[in-house]
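Down below is the structure, laid out as structure tokens.
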Amino acid sequence: DQEENDIVETAGRVGSILVQPGDQVRQGQNLALIASPDFGQAQAETRRAQGEIAFARQNLARVKDLHENGVAATKELNAAEADYARAEAEFKRTEARLKMYGGGGDIDQSYSLKSPLGGVVVEKNINPGQELRPDQMVANAPALFVITNPASLWVLLDAAEKDLPSLAVGSNLSVHVPVYPNDVFKAKIATISDF
């Protein structure tokens with residue numbers, strides 16, 4: 001049974017929930033939309049940086065042309081190159097920050113919480129209007145969504161001490177469960193606890 005805790009990268013308020021328990025989801029599918037001023041700021045900074053790098057690129061081309069024709073001084077060319085380098089660095093920084101959030105074209109402050117894996121939504125611990133913050137996502141807090149892929153299940157076994165010598169990581173097992181009395185499930189030991 002694979003499950004994945006959600007990682008909320010930004011603070012915001014839950015706007016809409018797009019899936020419910022029992023729904024099939026694909027990896028990368030939107031689970032919820034979060035209204036996030038932080039995300040909106042990242043979008044706006046990236047848009048501003050795009051404008052600044054375009055202006056710096058045009059200015060550099062203009063000053064290069066003037067310098068080649070003896071109208072602009074080398075000092076002006078150096079300043080235009082430095083401005084372009086600063087604009088390029090700022091654009092890369094803002095673009096990387098926006099990419100960390102998962103991208104976003106329009107400045108809409110709408111952060112999409114995406115599924116990290118494909119499977120079935122088995123649990124939803126999120127409500128419209130709920131405030132979310134990265135510092136709330138602690139190890140013992142319930143996941144916003146629990147998504148499972150039932151194609152691969154985990155079994156937790158308690159073994160008696162006398163059986164331990166016959167168990168080893170990588171060993172094959174046949175598992176019988178009361179719910180499916182006529183079925184045999186093939187399994188492989190993935191890990192053995194120290195206690």
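By convention in this document, the chains of the structure tokens carry letters A, B, ... by their order, each chain's residues are numbered from 1, and ligands are numbered from 1 in the order they are shown.
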Determine, counting only C-alpha atoms, which protein, DNA and RNA residues have an atom within 6 Å of an atom of region 159-172 of chain A; residues of the same chain fewer than 5 positions away are not included. Present the result as a VMD selection string. chain A and resid 187 to 191
Mind dumping the selected residues with all heavy atoms as a compact mmCIF listing (two decimals), in the first residue's frame?
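The result, written out as selection-v3.txt:
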# COMPACT_ATOMS: atom_id res chain seq x y z
N ALA A 187 4.42 -12.83 -1.94
CA ALA A 187 5.05 -11.66 -1.33
C ALA A 187 6.54 -11.90 -1.19
O ALA A 187 7.02 -13.03 -1.28
CB ALA A 187 4.42 -11.38 0.03
N LYS A 188 7.24 -10.81 -0.97
CA LYS A 188 8.68 -10.85 -0.74
C LYS A 188 8.98 -10.01 0.49
O LYS A 188 8.42 -8.92 0.65
CB LYS A 188 9.43 -10.29 -1.95
CG LYS A 188 10.94 -10.45 -1.84
CD LYS A 188 11.62 -10.03 -3.11
CE LYS A 188 11.43 -11.15 -4.10
NZ LYS A 188 12.33 -11.14 -5.22
N ILE A 189 9.83 -10.50 1.37
CA ILE A 189 10.17 -9.76 2.59
C ILE A 189 11.05 -8.57 2.19
O ILE A 189 12.13 -8.73 1.63
CB ILE A 189 10.88 -10.65 3.62
CG1 ILE A 189 9.94 -11.78 4.07
CG2 ILE A 189 11.33 -9.82 4.82
CD1 ILE A 189 10.56 -12.76 5.02
N ALA A 190 10.56 -7.36 2.50
CA ALA A 190 11.28 -6.13 2.16
C ALA A 190 12.16 -5.67 3.31
O ALA A 190 13.25 -5.15 3.08
CB ALA A 190 10.29 -5.03 1.78
N THR A 191 11.71 -5.86 4.53
CA THR A 191 12.49 -5.41 5.68
C THR A 191 12.11 -6.23 6.90
O THR A 191 11.00 -6.75 6.99
CB THR A 191 12.28 -3.90 5.96
OG1 THR A 191 13.16 -3.48 6.99
CG2 THR A 191 10.87 -3.60 6.36
Which of region 48-177 of chain A fall in alpha helix (DSSP H), as number ranges by chain: A: 48-68, 74-100
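Counting from CA of Val14 (chain A), the distance to CA of Asn125 (chain A) is 11.6 Å.
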Just checking: using only C-alpha atoms, which residue out of A:Ile17, A:Leu144, A:Ala54, A:Ile192 ends up closest to Val122 (chain A)? A:Leu144
Residue nearest Asp83 (chain A) - candidates A:Leu98, A:Ile53, A:Glu68, A:Ser110, atoms counted: only C-alpha atoms: A:Ile53
Have a look at A:Gln130, A:Val146, A:Val120, A:Pro181 and name the one nearest to Arg26 (chain A); count only C-alpha atoms. A:Val120
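Of the listed residues A:Val63, A:Val25, A:Val184, A:Leu31, the one whose atoms come nearest to Ile126 (chain A) is A:Leu31, with distances taken using only C-alpha atoms.
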Just want the 12 Å neighbourhood of Glu131 (chain A), counted on only C-alpha atoms, with same-chain residues fewer than 3 positions away dropped. Output as a VMD selection string. chain A and resid 8 10 to 15 34 to 36 126 to 128 134 to 137 144
Convert the current residue selection to file output with N, CA and C atoms, as a PDB file, in the first residue's frame.
ATOM      1  N   VAL A   8       2.928  20.947   1.564  1.00  0.00           N
ATOM      2  CA  VAL A   8       2.430  22.268   1.237  1.00  0.00           C
ATOM      3  C   VAL A   8       3.623  23.210   1.274  1.00  0.00           C
ATOM      4  N   THR A  10       3.586  26.420   0.431  1.00  0.00           N
ATOM      5  CA  THR A  10       3.218  27.817   0.575  1.00  0.00           C
ATOM      6  C   THR A  10       2.020  27.946   1.500  1.00  0.00           C
ATOM      7  N   ALA A  11       1.919  29.089   2.145  1.00  0.00           N
ATOM      8  CA  ALA A  11       0.770  29.353   3.002  1.00  0.00           C
ATOM      9  C   ALA A  11      -0.399  29.823   2.155  1.00  0.00           C
ATOM     10  N   GLY A  12      -1.595  29.520   2.620  1.00  0.00           N
ATOM     11  CA  GLY A  12      -2.783  29.966   1.900  1.00  0.00           C
ATOM     12  C   GLY A  12      -4.042  29.379   2.484  1.00  0.00           C
ATOM     13  N   ARG A  13      -5.140  29.668   1.818  1.00  0.00           N
ATOM     14  CA  ARG A  13      -6.449  29.195   2.246  1.00  0.00           C
ATOM     15  C   ARG A  13      -7.015  28.280   1.162  1.00  0.00           C
ATOM     16  N   VAL A  14      -7.579  27.143   1.578  1.00  0.00           N
ATOM     17  CA  VAL A  14      -8.132  26.176   0.634  1.00  0.00           C
ATOM     18  C   VAL A  14      -9.313  26.822  -0.085  1.00  0.00           C
ATOM     19  N   GLY A  15      -9.211  26.899  -1.403  1.00  0.00           N
ATOM     20  CA  GLY A  15     -10.286  27.467  -2.201  1.00  0.00           C
ATOM     21  C   GLY A  15     -11.282  26.421  -2.633  1.00  0.00           C
ATOM     22  N   ILE A  34      -5.397  26.242  -3.774  1.00  0.00           N
ATOM     23  CA  ILE A  34      -5.161  27.030  -2.568  1.00  0.00           C
ATOM     24  C   ILE A  34      -4.900  28.474  -2.973  1.00  0.00           C
ATOM     25  N   ALA A  35      -5.659  29.402  -2.411  1.00  0.00           N
ATOM     26  CA  ALA A  35      -5.440  30.828  -2.653  1.00  0.00           C
ATOM     27  C   ALA A  35      -4.252  31.243  -1.801  1.00  0.00           C
ATOM     28  N   SER A  36      -3.139  31.597  -2.459  1.00  0.00           N
ATOM     29  CA  SER A  36      -1.892  31.856  -1.746  1.00  0.00           C
ATOM     30  C   SER A  36      -1.252  33.165  -2.183  1.00  0.00           C
ATOM     31  N   ILE A 126      -8.952  17.752   4.583  1.00  0.00           N
ATOM     32  CA  ILE A 126      -8.850  19.135   4.156  1.00  0.00           C
ATOM     33  C   ILE A 126     -10.273  19.646   3.908  1.00  0.00           C
ATOM     34  N   ASN A 127     -10.503  20.919   4.214  1.00  0.00           N
ATOM     35  CA  ASN A 127     -11.833  21.503   4.040  1.00  0.00           C
ATOM     36  C   ASN A 127     -11.736  22.857   3.369  1.00  0.00           C
ATOM     37  N   PRO A 128     -12.759  23.247   2.596  1.00  0.00           N
ATOM     38  CA  PRO A 128     -12.754  24.577   1.984  1.00  0.00           C
ATOM     39  C   PRO A 128     -12.642  25.661   3.067  1.00  0.00           C
ATOM     40  N   PRO A 134       3.117  25.874   5.787  1.00  0.00           N
ATOM     41  CA  PRO A 134       4.142  24.819   5.793  1.00  0.00           C
ATOM     42  C   PRO A 134       4.528  24.379   7.203  1.00  0.00           C
ATOM     43  N   ASP A 135       4.505  25.293   8.182  1.00  0.00           N
ATOM     44  CA  ASP A 135       4.906  24.927   9.541  1.00  0.00           C
ATOM     45  C   ASP A 135       3.869  24.051  10.241  1.00  0.00           C
ATOM     46  N   GLN A 136       2.670  23.908   9.671  1.00  0.00           N
ATOM     47  CA  GLN A 136       1.655  23.017  10.232  1.00  0.00           C
ATOM     48  C   GLN A 136       1.881  21.575   9.819  1.00  0.00           C
ATOM     49  N   MET A 137       2.671  21.364   8.784  1.00  0.00           N
ATOM     50  CA  MET A 137       2.877  20.022   8.242  1.00  0.00           C
ATOM     51  C   MET A 137       3.994  19.321   9.017  1.00  0.00           C
ATOM     52  N   LEU A 144      -2.989  15.698   4.202  1.00  0.00           N
ATOM     53  CA  LEU A 144      -4.155  16.365   3.630  1.00  0.00           C
ATOM     54  C   LEU A 144      -4.965  15.382   2.795  1.00  0.00           C
TER      55      LEU A 144
END
From A:Tyr84, A:Lys114, A:Asp38, A:Lys75, residue lying nearest Leu18 (chain A) [only C-alpha atoms]: A:Lys114
Distance query Lys64 (chain A) at most 9 Å, only C-alpha atoms, self and fewer than 6 positions along chain excluded, as a PDB file with C-alpha atoms, in the first residue's frame:
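Contents of the output file part02.pdb:
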ATOM      1  CA  ALA A  72      28.846  54.968 -26.785  1.00  0.00           C
ATOM      2  CA  LEU A  77      28.793  49.036 -22.657  1.00  0.00           C
ATOM      3  CA  ALA A  80      24.754  47.594 -19.907  1.00  0.00           C
TER       4      ALA A  80
END
Interatomic distance (Å, one decimal) between CA of Ala89 (chain A) and CA of Asp106 (chain A): 21.7 Å
Counting only C-alpha atoms, figure out which residue out of A:Ala42, A:Ile147, A:Met100, A:Val155 gets nearest to Val121 (chain A). A:Ile147
Select from region 40-187 of chain A everything DSSP, run on the backbone, classes as strand (DSSP E or B), then give the selection as a PyMOL selection string. chain A and resi 110-114+119-124+131-132+145-148+172-177+180-187
